[in-house]
$ cat entry09.cif   # mmCIF, C-alpha atoms (C1' of nucleotides)
data_run
#
loop_
_atom_site.label_atom_id
_atom_site.label_comp_id
_atom_site.auth_asym_id
_atom_site.auth_seq_id
_atom_site.Cartn_x
_atom_site.Cartn_y
_atom_site.Cartn_z
CA MET F 1 -0.47 23.69 -21.26
CA ASN F 2 -3.69 22.32 -22.73
CA SER F 3 -6.27 20.27 -20.90
CA SER F 4 -5.10 16.87 -22.11
CA GLU F 5 -1.50 17.58 -21.16
CA PHE F 6 -2.61 18.74 -17.79
CA LEU F 7 -4.60 15.58 -17.11
CA LYS F 8 -1.55 13.55 -17.96
CA LEU F 9 0.52 15.62 -15.60
CA GLU F 10 -1.89 15.15 -12.75
CA ASN F 11 -2.02 11.42 -13.39
CA GLN F 12 1.76 11.41 -13.42
CA LEU F 13 1.95 13.27 -10.14
CA CYS F 14 -0.43 10.89 -8.41
CA PHE F 15 1.45 7.94 -9.85
CA SER F 16 4.77 9.41 -8.75
CA LEU F 17 3.55 9.70 -5.20
CA TYR F 18 2.21 6.15 -5.33
CA ALA F 19 5.46 4.80 -6.79
CA SER F 20 7.76 6.78 -4.52
CA SER F 21 5.93 5.63 -1.43
CA ARG F 22 6.51 2.02 -2.43
CA ALA F 23 10.10 2.78 -3.37
CA ILE F 24 10.73 4.07 0.13
CA THR F 25 9.35 1.03 1.88
CA ARG F 26 11.53 -1.06 -0.45
CA MET F 27 14.57 0.98 0.59
CA TYR F 28 13.79 0.50 4.26
CA ARG F 29 12.86 -3.17 3.95
CA PRO F 30 16.29 -4.85 4.06
CA PHE F 31 17.36 -2.75 7.02
CA LEU F 32 14.13 -3.20 8.95
CA GLU F 33 14.14 -6.90 8.16
CA GLU F 34 17.24 -7.26 10.31
CA LEU F 35 15.18 -5.89 13.18
CA GLY F 36 12.29 -8.19 12.32
CA ILE F 37 9.86 -5.37 11.57
CA THR F 38 8.12 -3.78 8.58
CA TYR F 39 7.88 -0.12 7.56
CA PRO F 40 4.37 0.45 9.01
CA GLN F 41 5.55 -1.20 12.23
CA TYR F 42 8.57 1.11 12.24
CA LEU F 43 6.19 4.07 12.08
CA VAL F 44 4.36 2.76 15.15
CA LEU F 45 7.67 2.43 16.95
CA LEU F 46 8.67 5.98 15.99
CA VAL F 47 5.67 7.16 18.00
CA LEU F 48 6.28 4.81 20.92
CA TRP F 49 9.98 5.64 21.14
CA GLU F 50 8.92 9.21 21.87
CA GLN F 51 6.09 8.71 24.30
CA LYS F 52 6.28 5.07 25.46
CA GLU F 53 2.53 4.80 25.88
CA SER F 54 -0.28 5.55 23.49
CA THR F 55 -3.70 4.25 22.46
CA VAL F 56 -5.04 2.69 19.30
CA LYS F 57 -7.01 5.86 18.66
CA GLU F 58 -3.98 8.09 19.01
CA LEU F 59 -1.88 5.90 16.73
CA SER F 60 -4.75 5.86 14.29
CA GLU F 61 -4.78 9.65 14.17
CA LYS F 62 -1.03 10.10 14.00
CA LEU F 63 -0.46 7.49 11.32
CA ASP F 64 -3.77 7.99 9.56
CA LEU F 65 -4.56 4.26 9.72
CA ASP F 66 -7.82 2.72 10.89
CA SER F 67 -8.42 0.01 13.45
CA GLY F 68 -8.78 -2.62 10.75
CA THR F 69 -5.14 -2.02 9.90
CA LEU F 70 -3.80 -1.30 13.37
CA THR F 71 -5.45 -4.02 15.45
CA PRO F 72 -3.87 -7.00 13.67
CA MET F 73 -0.58 -5.15 13.24
CA LEU F 74 -0.37 -4.32 16.96
CA LYS F 75 -1.24 -7.92 17.78
CA ARG F 76 1.66 -9.13 15.66
CA MET F 77 3.95 -6.65 17.38
CA GLU F 78 2.68 -7.84 20.76
CA ALA F 79 3.42 -11.43 19.72
CA GLN F 80 6.97 -10.26 19.01
CA LYS F 81 7.13 -8.75 22.50
CA LEU F 82 7.74 -5.26 21.12
CA LEU F 83 4.74 -3.81 22.96
CA VAL F 84 1.86 -4.75 25.25
CA ARG F 85 -1.85 -4.06 24.79
CA ASN F 86 -4.15 -3.49 27.74
CA ARG F 87 -7.64 -2.18 28.21
CA SER F 88 -7.69 1.06 30.14
CA GLN F 89 -9.06 0.83 33.67
CA GLU F 90 -10.75 4.22 33.49
CA ASP F 91 -12.41 3.67 30.13
CA GLU F 92 -12.77 0.10 29.02
CA ARG F 93 -13.25 1.13 25.42
CA VAL F 94 -9.65 2.31 25.23
CA VAL F 95 -6.73 -0.02 24.52
CA LEU F 96 -3.43 1.24 25.88
CA ILE F 97 -0.31 0.44 23.88
CA ARG F 98 2.93 0.45 25.82
CA ILE F 99 6.38 -0.24 24.44
CA THR F 100 8.47 -2.95 26.08
CA GLU F 101 12.18 -3.10 26.83
CA ALA F 102 12.63 -5.16 23.68
CA GLY F 103 10.81 -2.48 21.70
CA LEU F 104 12.93 0.26 23.21
CA ALA F 105 16.05 -1.75 22.48
CA LEU F 106 15.34 -1.52 18.75
CA HIS F 107 15.72 2.25 18.90
CA ASP F 108 19.50 2.15 19.01
CA GLN F 109 19.67 -0.36 16.19
CA ALA F 110 17.25 1.69 14.10
CA LEU F 111 19.03 5.00 14.56
CA CYS F 112 21.52 4.40 11.79
CA ILE F 113 18.90 3.47 9.19
CA PRO F 114 17.75 6.95 8.15
CA GLN F 115 21.38 8.07 8.06
CA THR F 116 22.36 5.18 5.84
CA LEU F 117 19.42 5.76 3.51
CA PHE F 118 20.10 9.47 3.39
CA ALA F 119 23.69 8.86 2.41
CA ALA F 120 22.59 6.37 -0.22
CA SER F 121 19.97 8.71 -1.64
CA GLY F 122 22.48 11.23 -2.92
CA LEU F 123 20.24 14.10 -1.81
CA SER F 124 21.33 17.12 0.19
CA ALA F 125 19.82 18.00 3.54
CA GLU F 126 18.48 21.16 1.98
CA GLU F 127 16.73 19.34 -0.82
CA ILE F 128 15.06 17.09 1.70
CA ALA F 129 14.00 19.99 3.90
CA ASN F 130 12.62 21.95 0.97
CA PHE F 131 10.84 19.00 -0.49
CA ASN F 132 9.36 18.09 2.86
CA ALA F 133 8.02 21.62 3.29
CA GLN F 134 6.49 21.59 -0.16
CA LEU F 135 4.91 18.18 0.32
CA LYS F 136 3.38 19.35 3.56
CA ARG F 137 1.88 22.37 1.83
CA ILE F 138 0.36 20.12 -0.81
CA ILE F 139 -1.07 17.73 1.76
CA THR F 140 -2.50 20.57 3.84
CA SER F 141 -4.06 22.14 0.80
CA VAL F 142 -5.59 18.88 -0.35
CA ASN F 143 -6.86 17.95 3.10
CA ALA F 144 -8.34 21.39 3.69
CA SER F 145 -10.49 21.01 0.60
CA MET F 146 -12.05 17.71 1.56
CA MET J 1 20.07 21.65 11.84
CA ASN J 2 21.57 19.03 14.12
CA SER J 3 21.69 15.33 13.49
CA SER J 4 18.64 14.40 15.56
CA GLU J 5 16.50 17.06 13.94
CA PHE J 6 17.60 15.87 10.57
CA LEU J 7 16.67 12.27 11.28
CA LYS J 8 13.24 13.42 12.33
CA LEU J 9 12.91 15.38 9.14
CA GLU J 10 13.81 12.42 7.00
CA ASN J 11 11.37 10.22 8.86
CA GLN J 12 8.75 12.89 8.35
CA LEU J 13 9.43 13.08 4.65
CA CYS J 14 9.16 9.32 4.19
CA PHE J 15 5.99 9.27 6.24
CA SER J 16 4.55 12.18 4.25
CA LEU J 17 5.09 10.32 1.02
CA TYR J 18 3.55 7.21 2.50
CA ALA J 19 0.56 9.11 3.86
CA SER J 20 0.01 11.23 0.77
CA SER J 21 0.03 8.20 -1.47
CA ARG J 22 -2.76 6.68 0.56
CA ALA J 23 -4.58 10.00 0.68
CA ILE J 24 -4.63 10.08 -3.11
CA THR J 25 -6.07 6.63 -3.49
CA ARG J 26 -8.72 7.65 -0.97
CA MET J 27 -9.53 10.73 -3.05
CA TYR J 28 -9.88 8.64 -6.19
CA ARG J 29 -11.77 5.80 -4.52
CA PRO J 30 -15.36 7.14 -4.56
CA PHE J 31 -15.05 8.20 -8.20
CA LEU J 32 -13.39 4.98 -9.35
CA GLU J 33 -15.89 2.96 -7.36
CA GLU J 34 -18.62 4.19 -9.70
CA LEU J 35 -16.64 2.60 -12.53
CA GLY J 36 -16.13 -0.57 -10.52
CA ILE J 37 -12.34 -0.28 -10.42
CA THR J 38 -9.57 0.50 -7.93
CA TYR J 39 -6.69 2.95 -8.20
CA PRO J 40 -4.06 0.36 -9.21
CA GLN J 41 -6.51 -0.95 -11.82
CA TYR J 42 -6.99 2.62 -13.05
CA LEU J 43 -3.23 2.85 -13.55
CA VAL J 44 -3.31 -0.29 -15.69
CA LEU J 45 -6.13 1.21 -17.74
CA LEU J 46 -4.18 4.46 -18.20
CA VAL J 47 -1.56 2.40 -20.03
CA LEU J 48 -4.09 0.37 -22.03
CA TRP J 49 -6.12 3.43 -23.04
CA GLU J 50 -2.98 4.65 -24.79
CA GLN J 51 -1.72 1.51 -26.47
CA LYS J 52 -4.58 -1.01 -26.32
CA GLU J 53 -2.22 -3.98 -26.08
CA SER J 54 0.61 -4.67 -23.70
CA THR J 55 2.24 -7.53 -21.83
CA VAL J 56 2.54 -8.40 -18.17
CA LYS J 57 6.22 -7.55 -18.36
CA GLU J 58 5.63 -4.14 -19.90
CA LEU J 59 2.97 -3.27 -17.33
CA SER J 60 5.32 -4.49 -14.65
CA GLU J 61 8.01 -2.08 -15.82
CA LYS J 62 5.74 0.89 -16.35
CA LEU J 63 3.92 0.56 -13.05
CA ASP J 64 6.85 -0.86 -11.11
CA LEU J 65 4.79 -3.81 -9.90
CA ASP J 66 5.80 -7.46 -10.00
CA SER J 67 3.92 -10.44 -11.37
CA GLY J 68 2.76 -11.44 -7.91
CA THR J 69 0.75 -8.23 -7.83
CA LEU J 70 -0.20 -7.98 -11.48
CA THR J 71 -1.28 -11.55 -12.22
CA PRO J 72 -4.20 -11.67 -9.78
CA MET J 73 -5.13 -8.05 -10.52
CA LEU J 74 -5.26 -8.66 -14.27
CA LYS J 75 -7.30 -11.81 -13.65
CA ARG J 76 -9.84 -9.78 -11.70
CA MET J 77 -9.96 -7.22 -14.48
CA GLU J 78 -10.42 -10.01 -17.03
CA ALA J 79 -13.30 -11.36 -14.93
CA GLN J 80 -14.85 -7.89 -15.21
CA LYS J 81 -14.42 -8.05 -19.00
CA LEU J 82 -12.19 -4.97 -19.00
CA LEU J 83 -9.37 -6.81 -20.76
CA VAL J 84 -8.36 -10.20 -22.13
CA ARG J 85 -5.22 -12.21 -21.39
CA ASN J 86 -3.65 -14.49 -24.00
CA ARG J 87 -0.36 -16.27 -24.38
CA SER J 88 1.65 -14.91 -27.27
CA GLN J 89 1.99 -17.22 -30.26
CA GLU J 90 5.55 -16.17 -31.00
CA ASP J 91 6.80 -16.55 -27.44
CA GLU J 92 4.74 -18.72 -25.16
CA ARG J 93 6.28 -17.20 -22.07
CA VAL J 94 4.63 -13.87 -22.82
CA VAL J 95 1.05 -13.04 -21.82
CA LEU J 96 -0.56 -10.38 -23.99
CA ILE J 97 -3.00 -8.01 -22.32
CA ARG J 98 -5.56 -6.40 -24.61
CA ILE J 99 -8.21 -3.93 -23.59
CA THR J 100 -11.83 -4.71 -24.50
CA GLU J 101 -14.61 -2.45 -25.69
CA ALA J 102 -15.90 -2.34 -22.12
CA GLY J 103 -12.47 -1.27 -20.92
CA LEU J 104 -12.23 1.41 -23.58
CA ALA J 105 -15.72 2.61 -22.68
CA LEU J 106 -14.51 3.52 -19.19
CA HIS J 107 -12.14 6.09 -20.66
CA ASP J 108 -14.85 8.67 -21.28
CA GLN J 109 -16.30 8.20 -17.82
CA ALA J 110 -12.87 8.47 -16.23
CA LEU J 111 -11.84 11.63 -18.06
CA CYS J 112 -13.58 13.96 -15.64
CA ILE J 113 -12.03 12.42 -12.54
CA PRO J 114 -8.62 14.14 -12.55
CA GLN J 115 -10.33 17.40 -13.39
CA THR J 116 -12.73 17.07 -10.48
CA LEU J 117 -9.94 16.15 -8.09
CA PHE J 118 -7.78 18.98 -9.33
CA ALA J 119 -10.57 21.46 -8.75
CA ALA J 120 -11.15 20.01 -5.28
CA SER J 121 -7.48 20.12 -4.39
CA GLY J 122 -7.24 23.89 -4.42
CA LEU J 123 -3.84 23.70 -6.08
CA SER J 124 -2.74 25.65 -9.12
CA ALA J 125 -1.57 24.00 -12.30
CA GLU J 126 1.83 25.54 -11.73
CA GLU J 127 2.17 24.15 -8.24
CA ILE J 128 1.36 20.70 -9.57
CA ALA J 129 3.84 21.00 -12.42
CA ASN J 130 6.61 22.22 -10.14
CA PHE J 131 5.95 19.62 -7.53
CA ASN J 132 5.83 16.88 -10.13
CA ALA J 133 9.20 17.95 -11.51
CA GLN J 134 10.74 18.01 -8.06
CA LEU J 135 9.31 14.63 -7.11
CA LYS J 136 10.71 13.13 -10.29
CA ARG J 137 14.15 14.50 -9.46
CA ILE J 138 13.96 12.92 -6.03
CA ILE J 139 12.85 9.57 -7.40
CA THR J 140 15.55 9.59 -10.06
CA SER J 141 18.18 10.46 -7.51
CA VAL J 142 17.05 7.76 -5.11
CA ASN J 143 16.74 5.10 -7.79
CA ALA J 144 20.11 5.95 -9.28
CA SER J 145 21.77 5.24 -5.97
CA MET J 146 20.38 1.76 -5.54
"C1'" DA Y 1 22.58 -30.41 -31.69
"C1'" DG Y 2 22.71 -30.12 -26.66
"C1'" DC Y 3 22.92 -28.10 -22.38
"C1'" DA Y 4 23.23 -24.15 -19.15
"C1'" DA Y 5 21.51 -19.71 -18.17
"C1'" DA Y 6 18.22 -16.29 -18.59
"C1'" DT Y 7 13.33 -14.87 -19.22
"C1'" DC Y 8 8.37 -14.68 -18.27
"C1'" DG Y 9 4.58 -15.54 -15.69
"C1'" DA Y 10 2.09 -18.02 -12.01
"C1'" DT Y 11 1.82 -19.55 -7.23
"C1'" DT Y 12 2.27 -19.34 -2.20
"C1'" DG Y 13 2.43 -17.06 2.01
"C1'" DT Y 14 2.68 -12.85 4.87
"C1'" DT Y 15 1.52 -8.18 5.70
"C1'" DC Y 16 -0.76 -3.99 4.86
"C1'" DA Y 17 -5.07 -0.89 3.72
"C1'" DC Y 18 -9.68 -0.02 4.20
"C1'" DA Y 19 -14.90 -0.41 3.78
"C1'" DA Y 20 -18.59 -2.26 6.30
"C1'" DT Y 21 -20.22 -4.02 10.24
"C1'" DA Y 22 -20.39 -5.70 15.01
"C1'" DT Y 23 -19.62 -5.37 20.04
"C1'" DG Y 24 -19.26 -3.42 24.15
"C1'" DA Y 25 -18.67 0.84 26.95
"C1'" DC Y 26 -19.58 5.55 28.10
"C1'" DG Y 27 -22.58 9.67 28.81
"C1'" DG Y 28 -26.27 12.66 28.58
"C1'" DA Y 29 -31.47 13.73 28.14
"C1'" DG Y 30 -35.62 13.00 30.20
"C1'" DC C 1 -32.38 5.23 36.52
"C1'" DT C 2 -33.12 4.11 31.61
"C1'" DC C 3 -32.88 4.72 26.87
"C1'" DC C 4 -30.21 6.23 23.13
"C1'" DG C 5 -26.61 8.13 20.63
"C1'" DT C 6 -21.69 8.25 20.46
"C1'" DC C 7 -17.22 6.40 20.97
"C1'" DA C 8 -13.23 2.89 20.81
"C1'" DT C 9 -11.90 -1.17 19.19
"C1'" DA C 10 -12.50 -5.65 16.87
"C1'" DT C 11 -13.95 -8.54 12.98
"C1'" DT C 12 -14.75 -9.81 8.20
"C1'" DG C 13 -13.95 -9.65 3.51
"C1'" DT C 14 -11.58 -7.82 -0.60
"C1'" DG C 15 -7.72 -6.10 -2.92
"C1'" DA C 16 -3.22 -4.82 -3.26
"C1'" DA C 17 2.21 -5.38 -2.51
"C1'" DC C 18 6.07 -8.22 -2.49
"C1'" DA C 19 9.50 -12.00 -1.27
"C1'" DA C 20 10.44 -16.55 -2.55
"C1'" DT C 21 9.88 -20.20 -5.42
"C1'" DC C 22 8.40 -22.88 -9.36
"C1'" DG C 23 7.37 -24.32 -14.22
"C1'" DA C 24 7.74 -23.67 -18.80
"C1'" DT C 25 9.98 -21.49 -22.64
"C1'" DT C 26 13.60 -19.37 -25.07
"C1'" DT C 27 18.28 -18.04 -25.97
"C1'" DG C 28 23.16 -18.41 -26.04
"C1'" DC C 29 27.30 -20.90 -26.04
"C1'" DT C 30 30.17 -24.52 -27.26
#

$ encode --input "entry09.cif" --output "structure tokens"
Amino acid sequence: MNSSEFLKLENQLCFSLYASSRAITRMYRPFLEELGITYPQYLVLLVLWEQKESTVKELSEKLDLDSGTLTPMLKRMEAQKLLVRNRSQEDERVVLIRITEAGLALHDQALCIPQTLFAASGLSAEEIANFNAQLKRIITSVNASM
Amino acid sequence: MNSSEFLKLENQLCFSLYASSRAITRMYRPFLEELGITYPQYLVLLVLWEQKESTVKELSEKLDLDSGTLTPMLKRMEAQKLLVRNRSQEDERVVLIRITEAGLALHDQALCIPQTLFAASGLSAEEIANFNAQLKRIITSVNASM
DNA sequence: AGCAAATCGATTGTTCACAATATGACGGAG
DNA sequence: CTCCGTCATATTGTGAACAATCGATTTGCT
């Protein structure tokens, strides 16, 4: 593989990741739309379904999104009554995010979505597991070097 | 692997793709910033560096972006003198996109970017090639089913 | 020729994504 | 106790993404 071919390959890989990420949110969109949420909002809910309460900082770290993205998004979700935002009593810098009953109620409705998409994808569980492991290695390697 | 574990895995995989896509644009950003362009604009230039002239429709197909994304982006790039937009004479519905000298001039400056990022990534050429092949299989499989 | 359907791109409106900056709150050094 | 640096979040501004819709053109069918 010469240098020029390799550059093309790397560009292709980066493009593939970019394109596949958008393809996934497109796959989720019609299903999430029925719940009135978007894919990034679904990611927030995935966290809150597990631990019910979090902070902007914690969500920022887990989802790798900054406050400029999260603050307006969490406000929209609060307007939809999916969660509540409150300043912490102990440390007024911290904003606590707590899921509501309405937010919890979406969990049951959302459960079938990954199953449906998995079935539609035509991939095997093994392929997904292997690919996930490999992607994690790549991400770790890239992050470690920066 | 039980059902619940599997759902978590699929959610993880989708999130990993989403996060890695953003990580890549962040890696490119400081380098592309020196050229005054963004990652999606770089993708447009990758096409135009190869064929010099294209159309909105062709770019839309190659990059998997719709006119609502491309039209304003191409206008910004035209404002930067990187390309020109003109209605086709033969078919007035078609807008021809042609790269300018200034746009071509960025090619040389951009050449070193993938090399630099590759070196920084700590990955081997083989890992990248294998991963690229696997990602393409996944995308093909997912797209075929929709 | 004449009209319906398809094509191409632009527009509008909403939601991310993120850099840069601002604001207020905490916490430690002196 | 006070100043000062750090921390957590909010705000502003720019640039994607994309659904929905529109306007103009072309093509196909009768």

$ residues_around --input "entry09.cif" --residues "J:Thr116" --least-positions-apart "2" --cutoff "12 Å" --atoms "all atoms listed in the file" --output "ChimeraX atom specification"
/F:7,10,145 /J:27-28,30-31,110-114,118-123

$ atom_distance --input "entry09.cif" --atom1 "atom C1' of C:DA17" --atom2 "atom CA of J:Leu70"
9.6 Å

$ closest_residue --input "entry09.cif" --among "F:Asn86, F:Gln51, F:Ser141, F:Ser4" --to "chain C" --atoms "all atoms listed in the file"
F:Asn86

$ closest_atom_pairs --input "entry09.cif" --of "chain C" --to "chain J" --cutoff "8 Å" --atoms "all atoms listed in the file" --output "tab-separated table"
residue	atom	partner	partner_atom	distance
C:DA16	C1'	J:Thr69	CA	6.9
C:DA17	C1'	J:Thr69	CA	6.2
C:DC18	C1'	J:Gly68	CA	7.1
C:DA24	C1'	J:Arg93	CA	7.4
C:DT25	C1'	J:Arg93	CA	5.7
C:DT26	C1'	J:Asp91	CA	7.7

$ calpha_fit_and_write --input "entry09.cif" --fixed "chain J" --moving "chain F" --output "short mmCIF file (atom, residue, chain, number, x, y, z; two decimals) with C-alpha atoms, in the frame of the given file"
data_model
loop_
_atom_site.label_atom_id
_atom_site.label_comp_id
_atom_site.auth_asym_id
_atom_site.auth_seq_id
_atom_site.Cartn_x
_atom_site.Cartn_y
_atom_site.Cartn_z
CA MET F 1 20.11 21.60 11.85
CA ASN F 2 21.58 18.97 14.16
CA SER F 3 21.65 15.25 13.52
CA SER F 4 18.62 14.37 15.62
CA GLU F 5 16.49 17.03 13.97
CA PHE F 6 17.59 15.83 10.61
CA LEU F 7 16.63 12.23 11.33
CA LYS F 8 13.21 13.40 12.36
CA LEU F 9 12.90 15.36 9.16
CA GLU F 10 13.82 12.40 7.02
CA ASN F 11 11.37 10.20 8.89
CA GLN F 12 8.75 12.88 8.36
CA LEU F 13 9.45 13.06 4.66
CA CYS F 14 9.17 9.31 4.20
CA PHE F 15 5.99 9.29 6.26
CA SER F 16 4.57 12.18 4.25
CA LEU F 17 5.10 10.30 1.03
CA TYR F 18 3.54 7.19 2.55
CA ALA F 19 0.55 9.13 3.88
CA SER F 20 0.02 11.22 0.76
CA SER F 21 0.03 8.17 -1.46
CA ARG F 22 -2.78 6.67 0.60
CA ALA F 23 -4.59 10.00 0.69
CA ILE F 24 -4.63 10.06 -3.09
CA THR F 25 -6.07 6.60 -3.49
CA ARG F 26 -8.72 7.63 -0.94
CA MET F 27 -9.54 10.69 -3.05
CA TYR F 28 -9.87 8.60 -6.18
CA ARG F 29 -11.77 5.77 -4.52
CA PRO F 30 -15.35 7.11 -4.56
CA PHE F 31 -15.04 8.17 -8.18
CA LEU F 32 -13.40 4.96 -9.35
CA GLU F 33 -15.91 2.93 -7.37
CA GLU F 34 -18.62 4.17 -9.71
CA LEU F 35 -16.64 2.60 -12.53
CA GLY F 36 -16.14 -0.59 -10.53
CA ILE F 37 -12.36 -0.29 -10.42
CA THR F 38 -9.59 0.48 -7.92
CA TYR F 39 -6.69 2.93 -8.17
CA PRO F 40 -4.07 0.32 -9.19
CA GLN F 41 -6.52 -0.96 -11.80
CA TYR F 42 -6.98 2.61 -13.04
CA LEU F 43 -3.22 2.82 -13.53
CA VAL F 44 -3.33 -0.32 -15.68
CA LEU F 45 -6.11 1.20 -17.73
CA LEU F 46 -4.16 4.44 -18.18
CA VAL F 47 -1.54 2.38 -20.00
CA LEU F 48 -4.05 0.36 -22.02
CA TRP F 49 -6.06 3.42 -23.05
CA GLU F 50 -2.91 4.64 -24.77
CA GLN F 51 -1.65 1.51 -26.44
CA LYS F 52 -4.53 -1.01 -26.33
CA GLU F 53 -2.18 -3.97 -26.07
CA SER F 54 0.65 -4.68 -23.69
CA THR F 55 2.25 -7.55 -21.78
CA VAL F 56 2.53 -8.40 -18.12
CA LYS F 57 6.23 -7.60 -18.30
CA GLU F 58 5.65 -4.19 -19.83
CA LEU F 59 2.98 -3.30 -17.28
CA SER F 60 5.30 -4.53 -14.57
CA GLU F 61 8.02 -2.15 -15.73
CA LYS F 62 5.76 0.83 -16.28
CA LEU F 63 3.91 0.51 -12.99
CA ASP F 64 6.81 -0.92 -11.04
CA LEU F 65 4.70 -3.85 -9.81
CA ASP F 66 5.70 -7.51 -9.90
CA SER F 67 3.83 -10.48 -11.28
CA GLY F 68 2.62 -11.46 -7.83
CA THR F 69 0.64 -8.23 -7.78
CA LEU F 70 -0.28 -8.01 -11.45
CA THR F 71 -1.36 -11.57 -12.22
CA PRO F 72 -4.30 -11.71 -9.80
CA MET F 73 -5.21 -8.09 -10.51
CA LEU F 74 -5.31 -8.68 -14.28
CA LYS F 75 -7.37 -11.81 -13.70
CA ARG F 76 -9.93 -9.80 -11.75
CA MET F 77 -10.01 -7.22 -14.52
CA GLU F 78 -10.47 -10.00 -17.08
CA ALA F 79 -13.36 -11.36 -15.01
CA GLN F 80 -14.89 -7.89 -15.27
CA LYS F 81 -14.44 -8.02 -19.05
CA LEU F 82 -12.20 -4.95 -19.03
CA LEU F 83 -9.37 -6.78 -20.78
CA VAL F 84 -8.37 -10.17 -22.17
CA ARG F 85 -5.24 -12.21 -21.43
CA ASN F 86 -3.68 -14.47 -24.02
CA ARG F 87 -0.40 -16.28 -24.38
CA SER F 88 1.64 -14.95 -27.26
CA GLN F 89 1.91 -17.25 -30.26
CA GLU F 90 5.50 -16.27 -30.99
CA ASP F 91 6.75 -16.65 -27.43
CA GLU F 92 4.64 -18.75 -25.15
CA ARG F 93 6.23 -17.23 -22.07
CA VAL F 94 4.59 -13.89 -22.83
CA VAL F 95 1.03 -13.04 -21.81
CA LEU F 96 -0.57 -10.39 -23.99
CA ILE F 97 -3.00 -8.01 -22.32
CA ARG F 98 -5.52 -6.37 -24.61
CA ILE F 99 -8.20 -3.90 -23.60
CA THR F 100 -11.80 -4.67 -24.53
CA GLU F 101 -14.58 -2.39 -25.72
CA ALA F 102 -15.89 -2.30 -22.16
CA GLY F 103 -12.45 -1.24 -20.96
CA LEU F 104 -12.20 1.45 -23.60
CA ALA F 105 -15.68 2.65 -22.70
CA LEU F 106 -14.48 3.55 -19.21
CA HIS F 107 -12.10 6.11 -20.67
CA ASP F 108 -14.81 8.68 -21.30
CA GLN F 109 -16.29 8.19 -17.86
CA ALA F 110 -12.86 8.47 -16.24
CA LEU F 111 -11.82 11.63 -18.05
CA CYS F 112 -13.57 13.95 -15.64
CA ILE F 113 -12.03 12.40 -12.52
CA PRO F 114 -8.62 14.10 -12.56
CA GLN F 115 -10.33 17.39 -13.39
CA THR F 116 -12.73 17.03 -10.49
CA LEU F 117 -9.94 16.11 -8.09
CA PHE F 118 -7.78 18.94 -9.33
CA ALA F 119 -10.55 21.42 -8.74
CA ALA F 120 -11.17 19.98 -5.29
CA SER F 121 -7.49 20.07 -4.37
CA GLY F 122 -7.26 23.84 -4.40
CA LEU F 123 -3.85 23.68 -6.07
CA SER F 124 -2.76 25.65 -9.11
CA ALA F 125 -1.58 24.00 -12.30
CA GLU F 126 1.81 25.55 -11.71
CA GLU F 127 2.14 24.13 -8.24
CA ILE F 128 1.34 20.70 -9.57
CA ALA F 129 3.80 21.01 -12.44
CA ASN F 130 6.57 22.25 -10.17
CA PHE F 131 5.93 19.65 -7.56
CA ASN F 132 5.83 16.90 -10.15
CA ALA F 133 9.19 18.01 -11.54
CA GLN F 134 10.73 18.08 -8.09
CA LEU F 135 9.34 14.68 -7.16
CA LYS F 136 10.76 13.23 -10.34
CA ARG F 137 14.18 14.64 -9.52
CA ILE F 138 14.03 13.05 -6.09
CA ILE F 139 12.96 9.69 -7.46
CA THR F 140 15.65 9.74 -10.14
CA SER F 141 18.29 10.65 -7.61
CA VAL F 142 17.21 7.93 -5.22
CA ASN F 143 16.93 5.29 -7.93
CA ALA F 144 20.30 6.18 -9.41
CA SER F 145 21.97 5.47 -6.09
CA MET F 146 20.58 1.99 -5.65
#

$ decode --input "entry09.cif" --residues "stretch 43-71 of chain J" --atoms "C-alpha atoms" --output "JSON list (two decimals), in the first residue's frame"
[["chain", "number", "residue", "atom", "x", "y", "z"],
["J", 43, "LEU", "CA", -15.16, 16.26, 2.65],
["J", 44, "VAL", "CA", -16.60, 18.39, -0.15],
["J", 45, "LEU", "CA", -13.08, 19.42, -1.14],
["J", 46, "LEU", "CA", -11.93, 15.77, -1.17],
["J", 47, "VAL", "CA", -14.47, 15.20, -3.94],
["J", 48, "LEU", "CA", -13.61, 18.38, -5.83],
["J", 49, "TRP", "CA", -9.85, 17.80, -5.62],
["J", 50, "GLU", "CA", -10.47, 14.62, -7.60],
["J", 51, "GLN", "CA", -12.92, 15.78, -10.22],
["J", 52, "LYS", "CA", -12.88, 19.59, -10.14],
["J", 53, "GLU", "CA", -16.53, 19.86, -11.13],
["J", 54, "SER", "CA", -19.60, 18.28, -9.62],
["J", 55, "THR", "CA", -23.23, 19.05, -8.89],
["J", 56, "VAL", "CA", -25.21, 19.49, -5.70],
["J", 57, "LYS", "CA", -26.93, 16.21, -6.42],
["J", 58, "GLU", "CA", -23.69, 14.31, -6.90],
["J", 59, "LEU", "CA", -22.19, 15.74, -3.71],
["J", 60, "SER", "CA", -25.41, 14.88, -1.95],
["J", 61, "GLU", "CA", -25.10, 11.25, -3.01],
["J", 62, "LYS", "CA", -21.40, 10.91, -2.31],
["J", 63, "LEU", "CA", -21.52, 12.54, 1.11],
["J", 64, "ASP", "CA", -25.01, 11.38, 2.00],
["J", 65, "LEU", "CA", -26.12, 14.92, 2.83],
["J", 66, "ASP", "CA", -29.27, 16.63, 1.61],
["J", 67, "SER", "CA", -29.70, 20.00, -0.06],
["J", 68, "GLY", "CA", -30.75, 21.61, 3.21],
["J", 69, "THR", "CA", -27.25, 20.92, 4.49],
["J", 70, "LEU", "CA", -25.29, 21.38, 1.29],
["J", 71, "THR", "CA", -26.84, 24.56, -0.09]]
